[in-house]
Amino acid sequence: MAEKKIIDMTRGSKTIWFNKNHPAVVYCDKRREDFELYFGKARTSLHTCHVNPDIQCDFTALPFPDNTFSLVVFDPPHLTKAKETAWLVKKYGKLDDNWRQMLHDGFAEGMRVLKPDGVLIFKWSEYDIPAGEVWKAIGRKPLFGHHSGKKSSTFWAAFMKEE
Ligand SMILES: C[S@@+](CC[C@H](N)C(=O)[O-])C[C@H]1O[C@@H](n2cnc3c(N)ncnc32)[C@H](O)[C@@H]1O
């Protein structure tokens, strides 16, 4: 673990990563599964998704000591309304009514395992919930951030562990 300076708390299918097997990263997720779905009118376009974390764990109880990582990546589920069978839900997960507490506890865990002066990158999609509601739930606002994506609904935000 000594060489692992970065934790991805919510690996999913590593869509956000350029190097999907970066040696400095420990990729975590609460689930381990492979699934596939056919798209298109004729259902001929096969999409596959593999969620295969290095460590299967809950981001509200990470199995690492305090002050371990220099960089934490947190990209939690953001959907509340989509059907369980929808591809996006299968790929990204879905929030339940307890989402405020879950995001609060996950963010607190990310900060706990972060080294002093380390940075946490929080990715949020404002598909169902505005980012401002999330900052209220976690009790902090990012230092800075930026909207991106086709509809500008994705928000990338940076936090630092300032002591
Ligand atoms: C938005 S997706 C992450 C997408 C990923 N960053 C990518 O690039 O593909 C959110 C992920 O968080 C995981 N997740 C949801 N609740 C979790 C929890 N309590 N602990 C750990 N992982 C969780 C889901 O299984 C899902 O893979």
# chains A, B, ... in the order shown; residues from 1 in each chain; ligands from 1
$ residues_near_ligand --ligand "ligand 1" --cutoff "6 Å" --atoms "only C-alpha atoms and all ligand atoms" --output "MDAnalysis selection string"
chainID A and resid 10:16 29:31 57:60 75:77 92:93
$ residues_around --residues "range 140-142 of chain A" --least-positions-apart "3" --cutoff "10 Å" --atoms "only C-alpha atoms" --output "ChimeraX atom specification"
/A:104,107,120-122,131-132,134-137,145,156-160
$ closest_residue --among "A:Met1, A:Ile6, A:Ala86, A:Ile55" --to "Leu37 in chain A" --atoms "only C-alpha atoms"
A:Ala86
$ residues_around --residues "Tyr38 in chain A" --least-positions-apart "2" --cutoff "12 Å" --atoms "only C-alpha atoms" --output "mmCIF file with N, CA and C atoms, in the first residue's frame"
data_model
loop_
_atom_site.group_PDB
_atom_site.id
_atom_site.type_symbol
_atom_site.label_atom_id
_atom_site.label_comp_id
_atom_site.auth_asym_id
_atom_site.auth_seq_id
_atom_site.Cartn_x
_atom_site.Cartn_y
_atom_site.Cartn_z
ATOM 1 N N PHE A 35 -21.888 -6.434 -15.968
ATOM 2 C CA PHE A 35 -23.213 -6.517 -16.586
ATOM 3 C C PHE A 35 -23.145 -5.963 -18.001
ATOM 4 N N GLU A 36 -24.191 -6.271 -18.771
ATOM 5 C CA GLU A 36 -24.239 -5.819 -20.163
ATOM 6 C C GLU A 36 -25.680 -5.495 -20.547
ATOM 7 N N GLY A 40 -30.115 0.521 -28.833
ATOM 8 C CA GLY A 40 -30.547 0.709 -30.224
ATOM 9 C C GLY A 40 -31.885 0.040 -30.472
ATOM 10 N N LYS A 41 -32.560 0.498 -31.570
ATOM 11 C CA LYS A 41 -33.889 -0.023 -31.894
ATOM 12 C C LYS A 41 -33.869 -1.531 -32.063
ATOM 13 N N ALA A 42 -32.837 -2.036 -32.732
ATOM 14 C CA ALA A 42 -32.753 -3.479 -32.987
ATOM 15 C C ALA A 42 -32.031 -4.210 -31.855
ATOM 16 N N ARG A 43 -31.678 -3.427 -30.821
ATOM 17 C CA ARG A 43 -30.969 -4.021 -29.668
ATOM 18 C C ARG A 43 -29.715 -4.789 -30.114
ATOM 19 N N THR A 44 -28.942 -4.152 -30.996
ATOM 20 C CA THR A 44 -27.747 -4.835 -31.517
ATOM 21 C C THR A 44 -26.451 -4.260 -30.957
ATOM 22 N N SER A 45 -26.558 -3.094 -30.302
ATOM 23 C CA SER A 45 -25.335 -2.457 -29.819
ATOM 24 C C SER A 45 -25.106 -2.847 -28.347
ATOM 25 N N LEU A 46 -24.112 -3.691 -28.143
ATOM 26 C CA LEU A 46 -23.878 -4.233 -26.801
ATOM 27 C C LEU A 46 -22.928 -3.334 -25.995
ATOM 28 N N HIS A 47 -23.396 -2.888 -24.823
ATOM 29 C CA HIS A 47 -22.543 -2.116 -23.914
ATOM 30 C C HIS A 47 -22.245 -3.005 -22.701
ATOM 31 N N THR A 48 -20.986 -3.043 -22.328
ATOM 32 C CA THR A 48 -20.629 -3.851 -21.156
ATOM 33 C C THR A 48 -20.022 -2.950 -20.082
ATOM 34 N N CYS A 49 -20.112 -3.399 -18.860
ATOM 35 C CA CYS A 49 -19.582 -2.611 -17.751
ATOM 36 C C CYS A 49 -18.994 -3.576 -16.718
ATOM 37 N N ALA A 86 -32.503 1.174 -15.433
ATOM 38 C CA ALA A 86 -31.871 2.064 -16.411
ATOM 39 C C ALA A 86 -30.360 1.846 -16.425
ATOM 40 N N TRP A 87 -29.779 1.991 -17.624
ATOM 41 C CA TRP A 87 -28.333 1.781 -17.771
ATOM 42 C C TRP A 87 -27.548 2.700 -16.834
#
$ residues_around --residues "Lys4 in chain A" --least-positions-apart "3" --cutoff "8 Å" --atoms "only C-alpha atoms" --output "PyMOL selection string"
chain A and resi 1+7+23-26+69
$ closest_residue --among "A:Lys83, A:Glu3, A:Lys150, A:Asn52" --to "Tyr27 in chain A" --atoms "only C-alpha atoms"
A:Asn52
$ select_by_dssp --residues "range 16-106 of chain A" --states "alpha helix (DSSP H)" --output "list of chain:residue names"
A:Trp87, A:Leu88, A:Val89, A:Lys90, A:Lys91, A:Tyr92, A:Trp99, A:Arg100, A:Gln101, A:Met102, A:Leu103, A:His104, A:Asp105, A:Gly106
$ write_last_selection --atoms "C-alpha atoms" --output "PDB file, in the first residue's frame"
ATOM      1  CA  TRP A  87     -28.333   1.781 -17.771  1.00  0.00           C
ATOM      2  CA  LEU A  88     -27.221   4.913 -15.888  1.00  0.00           C
ATOM      3  CA  VAL A  89     -28.444   3.448 -12.595  1.00  0.00           C
ATOM      4  CA  LYS A  90     -26.674   0.164 -13.286  1.00  0.00           C
ATOM      5  CA  LYS A  91     -23.502   2.035 -14.157  1.00  0.00           C
ATOM      6  CA  TYR A  92     -23.529   4.804 -11.536  1.00  0.00           C
ATOM      7  CA  TRP A  99     -28.463  10.536   0.596  1.00  0.00           C
ATOM      8  CA  ARG A 100     -27.613  13.638   2.646  1.00  0.00           C
ATOM      9  CA  GLN A 101     -26.245  11.592   5.550  1.00  0.00           C
ATOM     10  CA  MET A 102     -24.498   9.146   3.196  1.00  0.00           C
ATOM     11  CA  LEU A 103     -22.695  11.897   1.280  1.00  0.00           C
ATOM     12  CA  HIS A 104     -21.829  13.653   4.560  1.00  0.00           C
ATOM     13  CA  ASP A 105     -20.316  10.470   6.009  1.00  0.00           C
ATOM     14  CA  GLY A 106     -18.520   9.566   2.757  1.00  0.00           C
TER      15      GLY A 106
END
$ select_by_dssp --residues "chain A" --states "strand (DSSP E or B)" --output "PyMOL selection string"
chain A and resi 6-8+25-29+33-39+45-51+55-56+69-74+114-125+144-148+154-160
$ write_last_selection --atoms "C-alpha atoms" --output "tab-separated table (two decimals), in the first residue's frame"
chain	number	residue	atom	x	y	z
A	6	ILE	CA	-4.29	8.14	-4.46
A	7	ILE	CA	-7.63	6.56	-3.53
A	8	ASP	CA	-10.62	6.43	-5.84
A	25	VAL	CA	-4.16	4.43	-7.23
A	26	VAL	CA	-6.17	2.07	-5.04
A	27	TYR	CA	-9.58	1.69	-6.68
A	28	CYS	CA	-12.47	1.04	-4.25
A	29	ASP	CA	-16.20	0.43	-4.63
A	33	GLU	CA	-20.15	-6.98	-10.74
A	34	ASP	CA	-20.16	-7.31	-14.52
A	35	PHE	CA	-23.21	-6.52	-16.59
A	36	GLU	CA	-24.24	-5.82	-20.16
A	37	LEU	CA	-27.13	-4.20	-21.98
A	38	TYR	CA	-28.15	-4.00	-25.64
A	39	PHE	CA	-28.90	-0.50	-27.02
A	45	SER	CA	-25.34	-2.46	-29.82
A	46	LEU	CA	-23.88	-4.23	-26.80
A	47	HIS	CA	-22.54	-2.12	-23.91
A	48	THR	CA	-20.63	-3.85	-21.16
A	49	CYS	CA	-19.58	-2.61	-17.75
A	50	HIS	CA	-17.10	-4.14	-15.31
A	51	VAL	CA	-16.89	-3.04	-11.69
A	55	ILE	CA	-10.81	-3.29	-2.43
A	56	GLN	CA	-14.55	-3.79	-2.01
A	69	PHE	CA	-3.45	9.49	0.78
A	70	SER	CA	-2.32	12.69	-0.98
A	71	LEU	CA	-5.28	12.70	-3.35
A	72	VAL	CA	-8.83	11.42	-2.83
A	73	VAL	CA	-11.33	11.05	-5.68
A	74	PHE	CA	-15.02	10.99	-4.71
A	114	LEU	CA	-6.46	12.36	3.32
A	115	LYS	CA	-3.04	13.62	4.44
A	116	PRO	CA	-2.85	17.20	5.79
A	117	ASP	CA	-2.68	19.58	2.79
A	118	GLY	CA	-3.98	16.76	0.57
A	119	VAL	CA	-6.68	17.42	-2.00
A	120	LEU	CA	-10.09	15.79	-2.44
A	121	ILE	CA	-11.71	16.02	-5.85
A	122	PHE	CA	-15.50	15.74	-5.72
A	123	LYS	CA	-17.38	15.05	-8.95
A	124	TRP	CA	-21.08	15.74	-8.93
A	125	SER	CA	-23.74	15.63	-11.65
A	144	PHE	CA	-13.26	26.23	-6.42
A	145	GLY	CA	-14.99	24.20	-9.11
A	146	HIS	CA	-16.16	24.07	-12.66
A	147	HIS	CA	-19.20	22.95	-14.64
A	148	SER	CA	-18.53	20.61	-17.56
A	154	THR	CA	-21.33	17.91	-14.16
A	155	PHE	CA	-19.47	19.81	-11.46
A	156	TRP	CA	-15.81	19.16	-10.55
A	157	ALA	CA	-14.89	20.61	-7.16
A	158	ALA	CA	-11.64	20.78	-5.13
A	159	PHE	CA	-11.31	20.60	-1.33
A	160	MET	CA	-8.13	20.67	0.76
$ closest_residue --among "A:Asn67, A:Lys20, A:Lys81, A:Leu62" --to "Ile129 in chain A" --atoms "only C-alpha atoms"
A:Lys81
$ atom_distance --atom1 "CA of Glu126 in chain A" --atom2 "CA of Phe18 in chain A"
23.1 Å
$ closest_residue --among "A:Lys5, A:Pro63, A:Thr80, A:Met111" --to "Asn98 in chain A" --atoms "only C-alpha atoms"
A:Thr80
